[in-house]
>>> print(open('model_7.cif').read())   # mmCIF, C-alpha atoms
data_query
loop_
_atom_site.label_atom_id
_atom_site.label_comp_id
_atom_site.auth_asym_id
_atom_site.auth_seq_id
_atom_site.Cartn_x
_atom_site.Cartn_y
_atom_site.Cartn_z
CA GLN A 25 -64.97 -203.41 -60.79
CA ASP A 26 -61.90 -203.78 -58.58
CA ARG A 27 -63.70 -202.08 -55.69
CA LEU A 28 -66.32 -204.82 -55.66
CA ARG A 29 -63.73 -207.53 -56.10
CA ALA A 30 -61.81 -206.19 -53.07
CA ILE A 31 -64.97 -206.43 -50.94
CA HIS A 32 -65.73 -209.93 -52.23
CA LEU A 33 -62.20 -211.23 -51.67
CA MET A 34 -62.12 -209.80 -48.12
CA LYS A 35 -65.39 -211.62 -47.36
CA GLU A 36 -63.76 -214.81 -48.63
CA GLY A 37 -61.06 -214.34 -45.97
CA GLN A 38 -58.16 -213.09 -48.09
CA GLN A 39 -55.60 -210.69 -46.64
CA LYS A 40 -55.02 -207.13 -47.87
CA ALA A 41 -51.67 -207.90 -49.53
CA ASP A 42 -53.09 -210.94 -51.34
CA ILE A 43 -56.08 -208.95 -52.58
CA ALA A 44 -53.82 -206.14 -53.81
CA LYS A 45 -51.72 -208.66 -55.72
CA ALA A 46 -54.76 -210.41 -57.20
CA LEU A 47 -56.23 -207.10 -58.37
CA GLY A 48 -52.96 -205.55 -59.51
CA ARG A 49 -53.70 -202.60 -57.21
CA SER A 50 -51.95 -200.99 -54.26
CA GLU A 51 -52.65 -201.99 -50.68
CA LYS A 52 -53.80 -198.40 -50.14
CA PHE A 53 -56.53 -198.94 -52.77
CA VAL A 54 -57.59 -202.19 -51.11
CA ALA A 55 -57.60 -200.58 -47.65
CA LYS A 56 -59.95 -197.87 -48.91
CA TRP A 57 -62.56 -200.28 -50.30
CA TRP A 58 -62.32 -203.74 -48.80
CA GLN A 59 -64.33 -203.11 -45.63
CA LYS A 60 -67.12 -201.13 -47.28
CA GLU A 61 -70.56 -202.44 -48.11
CA VAL A 62 -71.44 -203.03 -51.77
CA ARG A 63 -74.02 -200.20 -51.60
CA GLU A 64 -71.22 -197.73 -50.80
CA VAL A 65 -69.48 -198.37 -54.12
CA PRO A 66 -70.51 -195.74 -56.69
CA ARG A 67 -72.32 -197.28 -59.62
CA PRO A 68 -70.53 -197.00 -62.96
CA TRP A 69 -71.53 -194.42 -65.55
CA GLY A 70 -74.44 -195.63 -67.65
CA VAL A 71 -75.94 -197.94 -65.02
CA HIS A 72 -79.50 -196.81 -64.38
CA GLU A 73 -80.96 -196.38 -60.90
CA TYR A 74 -83.20 -199.44 -61.09
CA LEU A 75 -80.15 -201.65 -61.61
CA VAL A 76 -78.72 -200.74 -58.21
CA LYS A 77 -81.72 -202.03 -56.30
CA ASP A 78 -81.63 -205.51 -54.78
CA MET A 79 -82.97 -208.22 -57.04
CA GLY A 80 -86.03 -210.25 -56.21
CA ARG A 81 -89.53 -209.47 -55.03
CA ASN A 82 -90.34 -207.57 -51.86
CA GLU A 83 -92.86 -208.73 -49.26
CA LYS A 84 -95.72 -207.32 -51.42
CA GLY A 85 -94.60 -209.31 -54.48
CA VAL A 86 -93.26 -206.29 -56.33
CA GLY A 87 -89.94 -206.40 -58.16
CA SER A 88 -87.80 -208.65 -60.34
CA THR A 89 -89.07 -207.28 -63.66
CA SER A 90 -86.82 -209.46 -65.80
CA ALA A 91 -87.47 -213.06 -66.78
CA ALA A 92 -84.43 -214.22 -64.80
CA THR A 93 -84.91 -216.99 -62.29
CA MET A 94 -83.29 -216.71 -58.86
CA VAL A 95 -81.29 -219.89 -58.30
CA ASP A 96 -78.90 -218.54 -55.65
CA GLU A 97 -79.86 -216.08 -52.93
CA ALA A 98 -76.32 -214.64 -53.05
CA ALA A 99 -77.17 -213.27 -56.52
CA LYS A 100 -79.38 -210.58 -54.95
CA ASP A 101 -76.48 -208.20 -54.37
CA VAL A 102 -76.43 -205.19 -56.67
CA ALA A 103 -72.91 -205.80 -57.91
CA THR A 104 -74.00 -209.04 -59.57
CA ARG A 105 -75.87 -207.06 -62.20
CA TRP A 106 -73.53 -204.20 -63.03
CA ARG A 107 -70.24 -205.76 -63.78
CA ASP A 108 -68.24 -203.65 -66.14
CA VAL A 109 -68.31 -204.50 -69.83
CA GLU A 110 -65.47 -206.54 -71.28
CA VAL A 111 -65.24 -207.24 -75.00
CA ARG A 112 -63.60 -210.56 -75.86
CA ARG A 113 -63.28 -211.21 -79.55
CA LYS A 114 -63.69 -214.82 -80.74
CA PHE A 115 -64.74 -216.05 -77.27
CA ALA A 116 -67.20 -218.22 -79.18
CA SER A 117 -66.53 -219.06 -82.80
CA ASP A 118 -68.45 -222.25 -83.52
CA PRO A 119 -70.70 -221.51 -86.55
CA ALA A 120 -73.19 -224.13 -85.31
CA ILE A 121 -74.32 -221.70 -82.59
CA TYR A 122 -76.18 -219.42 -85.01
CA ASP A 123 -77.87 -222.23 -86.95
CA GLU A 124 -78.88 -224.19 -83.84
CA ILE A 125 -80.36 -221.17 -82.09
CA LEU A 126 -82.08 -219.93 -85.25
CA GLN A 127 -83.71 -223.31 -85.96
CA ASN A 128 -84.59 -224.31 -82.38
CA THR A 129 -85.89 -221.07 -80.83
CA ASP A 130 -89.56 -220.14 -80.57
CA TRP A 131 -89.33 -216.65 -82.12
CA LYS A 132 -91.96 -214.04 -81.24
CA ALA A 133 -92.52 -210.46 -82.34
CA ASN A 134 -92.12 -207.89 -79.56
CA ASN A 135 -93.97 -204.67 -78.97
CA ALA A 136 -91.81 -201.59 -78.56
CA ARG A 137 -91.31 -200.46 -75.00
CA THR A 138 -89.11 -198.30 -72.87
CA ARG A 139 -88.12 -198.28 -69.21
CA ASP A 140 -88.71 -195.81 -66.44
CA PHE A 141 -85.08 -195.44 -65.36
CA ALA A 142 -86.04 -194.69 -61.76
CA THR A 143 -88.24 -197.74 -61.15
CA GLY A 144 -87.34 -200.15 -63.95
CA ALA A 145 -91.00 -200.43 -65.01
CA TYR A 146 -91.73 -200.99 -68.70
CA HIS A 147 -93.99 -198.69 -70.71
CA LEU A 148 -95.33 -199.45 -74.19
CA LYS A 149 -94.49 -197.14 -77.08
CA TYR A 150 -97.21 -195.85 -79.41
CA ASP A 151 -97.17 -194.34 -82.89
CA GLN A 152 -98.75 -190.98 -83.80
CA ARG A 153 -102.16 -192.62 -84.34
CA GLY A 154 -102.13 -194.27 -80.91
CA ASN A 155 -101.34 -197.80 -82.13
CA ILE A 156 -98.84 -199.92 -80.25
CA LYS A 157 -95.44 -199.89 -81.97
CA TRP A 158 -93.69 -203.17 -82.80
CA GLU A 159 -89.97 -203.85 -82.73
CA GLY A 160 -88.11 -204.68 -85.94
CA HIS A 161 -86.81 -207.92 -84.49
CA GLN A 162 -88.11 -211.11 -82.96
CA GLY A 163 -87.12 -212.39 -79.55
CA GLY A 164 -86.78 -215.74 -77.87
CA LYS A 165 -85.57 -217.21 -74.62
CA TYR A 166 -82.50 -219.36 -74.69
CA THR A 167 -82.75 -222.56 -72.69
CA PRO A 168 -80.03 -225.18 -72.31
CA GLY A 169 -80.26 -227.84 -74.99
CA ILE A 170 -81.37 -225.53 -77.81
CA SER A 171 -77.77 -225.31 -78.95
CA PRO A 172 -75.19 -227.79 -77.64
CA ALA A 173 -72.49 -225.51 -79.07
CA MET A 174 -73.85 -222.53 -77.09
CA ASP A 175 -74.14 -224.67 -73.95
CA LYS A 176 -70.37 -225.26 -74.15
CA VAL A 177 -69.76 -221.52 -74.51
CA MET A 178 -71.98 -220.77 -71.50
CA GLN A 179 -70.05 -223.26 -69.37
CA LYS A 180 -66.78 -221.67 -70.54
CA LEU A 181 -68.18 -218.22 -69.63
CA PHE A 182 -69.24 -219.33 -66.15
CA ALA A 183 -65.88 -221.00 -65.52
CA GLU A 184 -63.61 -218.23 -66.86
CA TYR A 185 -65.46 -215.35 -65.21
CA GLY A 186 -66.43 -217.12 -62.01
CA ILE A 187 -70.01 -215.95 -62.26
CA GLY A 188 -71.79 -219.29 -62.09
CA ASP A 189 -75.33 -219.72 -63.30
CA ARG A 190 -76.83 -217.71 -60.44
CA THR A 191 -79.39 -215.81 -62.48
CA SER A 192 -80.43 -217.52 -65.65
CA GLY A 193 -82.32 -215.48 -68.17
CA VAL A 194 -80.49 -215.47 -71.49
CA ILE A 195 -82.52 -213.91 -74.28
CA THR A 196 -81.95 -213.98 -78.01
CA ASN A 197 -82.79 -211.43 -80.69
CA TRP A 198 -83.20 -212.22 -84.38
CA TYR A 199 -83.36 -209.57 -87.10
CA PRO A 200 -84.91 -211.46 -90.06
CA ASP A 201 -84.48 -208.70 -92.63
CA GLY A 202 -80.84 -208.13 -91.74
CA LYS A 203 -81.42 -204.37 -91.53
CA GLY A 204 -82.30 -204.06 -87.86
CA TYR A 205 -79.89 -203.25 -85.07
CA LEU A 206 -79.76 -202.95 -81.32
CA GLY A 207 -78.66 -199.59 -79.99
CA SER A 208 -75.92 -199.28 -77.43
CA HIS A 209 -77.22 -199.94 -73.91
CA ARG A 210 -76.37 -201.63 -70.61
CA HIS A 211 -78.20 -204.11 -68.43
#
>>> encode(input="model_7.cif", output="C-alpha cells")
Amino acid sequence: QDRLRAIHLMKEGQQKADIAKALGRSEKFVAKWWQKEVREVPRPWGVHEYLVKDMGRNEKGVGSTSAATMVDEAAKDVATRWRDVEVRRKFASDPAIYDEILQNTDWKANNARTRDFATGAYHLKYDQRGNIKWEGHQGGKYTPGISPAMDKVMQKLFAEYGIGDRTSGVITNWYPDGKGYLGSHRH
C-alpha cells in the first residue's frame, strides 16, 4: 500500500520528493497521504473489520485472538497486518523445507471454525447432528529450528520486505490425503 508507505517514510523524516521517487508516484499523491494517520487510509477490499483494529489486549485482557507474540510495540499499528498480497514465484525452492517441516512438526487435527467478521471471535462449526466438525487437514506451529532451510527463507523474507520479525506466529497446514485444499482468504 503506497498510501501507508508514504506515511511511514514521512515519519522516518524523508522529504516529499524523495518519497514520491521511492514509491514511483507523483508528489501530488504523496502530498495527499503523507500527513494522514494510518486509520484514515481505507482498508483494502477483502480485509475484514477485525483486522483494522489495533493488535494486542486491551486493559480488560480482551483481544489478540491469534497465536502471534508481540515482540515490538510498533507492530500494533493496523497497517502491519493488511499489507497487500504479492505473489513471488520460486522465492523459496529448497526441497528440504517440506521434508524438514513434515518430519519435525507436532501435527494436530483441528476442529472446524469460522470467524465473526465484526469482532474476530472464533465460532465452532457443527454438523447436522450437532457434532463438532473437524477440518480435513492437520495444523502445527512453526518455530525456528524445525527447518534450517525455512529459517533461511524467513530471514530472506524479513530482509527483502523490511518487515522484521515483529509478530511471530507462523502456522503450517498439512493435508495428509493430498485431496484437501485451503480456500482463498486473507489475514
>>> atom_distance(input="model_7.cif", atom1="atom CA of Met34 of chain A", atom2="atom CA of Gln179 of chain A")
26.4 Å
>>> resolve_selection(input="model_7.cif", expression="the PyMOL selection byres ((chain A and resi 162-175) around 8)", output="PyMOL selection string")
chain A and resi 118+120-121+124-125+128-134+159-161+176-179+193-200
>>> closest_residue(input="model_7.cif", among="A:Gly154, A:Lys35, A:Leu126, A:Ala145", to="Glu61 of chain A", atoms="all atoms listed in the file")
A:Lys35
>>> atom_distance(input="model_7.cif", atom1="atom CA of Lys60 of chain A", atom2="atom CA of Ala44 of chain A")
15.6 Å
>>> resolve_selection(input="model_7.cif", expression="the PyMOL selection byres ((chain A and resi 28-33) around 8)", output="list in words")
Gln25, Asp26, Arg27, Met34, Lys35, Glu36, Gly37, Gln38, Ile43, Leu47, Val54, Trp57, Trp58, Gln59, Lys60, Glu61, Val62, Val65 and Ala103 of chain A
>>> write_last_selection(input="model_7.cif", atoms="C-alpha atoms", output="mmCIF file, keeping the file's coordinate frame")
data_model
loop_
_atom_site.group_PDB
_atom_site.id
_atom_site.type_symbol
_atom_site.label_atom_id
_atom_site.label_comp_id
_atom_site.auth_asym_id
_atom_site.auth_seq_id
_atom_site.Cartn_x
_atom_site.Cartn_y
_atom_site.Cartn_z
ATOM 1 C CA GLN A 25 -64.970 -203.410 -60.790
ATOM 2 C CA ASP A 26 -61.900 -203.780 -58.580
ATOM 3 C CA ARG A 27 -63.700 -202.080 -55.690
ATOM 4 C CA MET A 34 -62.120 -209.800 -48.120
ATOM 5 C CA LYS A 35 -65.390 -211.620 -47.360
ATOM 6 C CA GLU A 36 -63.760 -214.810 -48.630
ATOM 7 C CA GLY A 37 -61.060 -214.340 -45.970
ATOM 8 C CA GLN A 38 -58.160 -213.090 -48.090
ATOM 9 C CA ILE A 43 -56.080 -208.950 -52.580
ATOM 10 C CA LEU A 47 -56.230 -207.100 -58.370
ATOM 11 C CA VAL A 54 -57.590 -202.190 -51.110
ATOM 12 C CA TRP A 57 -62.560 -200.280 -50.300
ATOM 13 C CA TRP A 58 -62.320 -203.740 -48.800
ATOM 14 C CA GLN A 59 -64.330 -203.110 -45.630
ATOM 15 C CA LYS A 60 -67.120 -201.130 -47.280
ATOM 16 C CA GLU A 61 -70.560 -202.440 -48.110
ATOM 17 C CA VAL A 62 -71.440 -203.030 -51.770
ATOM 18 C CA VAL A 65 -69.480 -198.370 -54.120
ATOM 19 C CA ALA A 103 -72.910 -205.800 -57.910
#
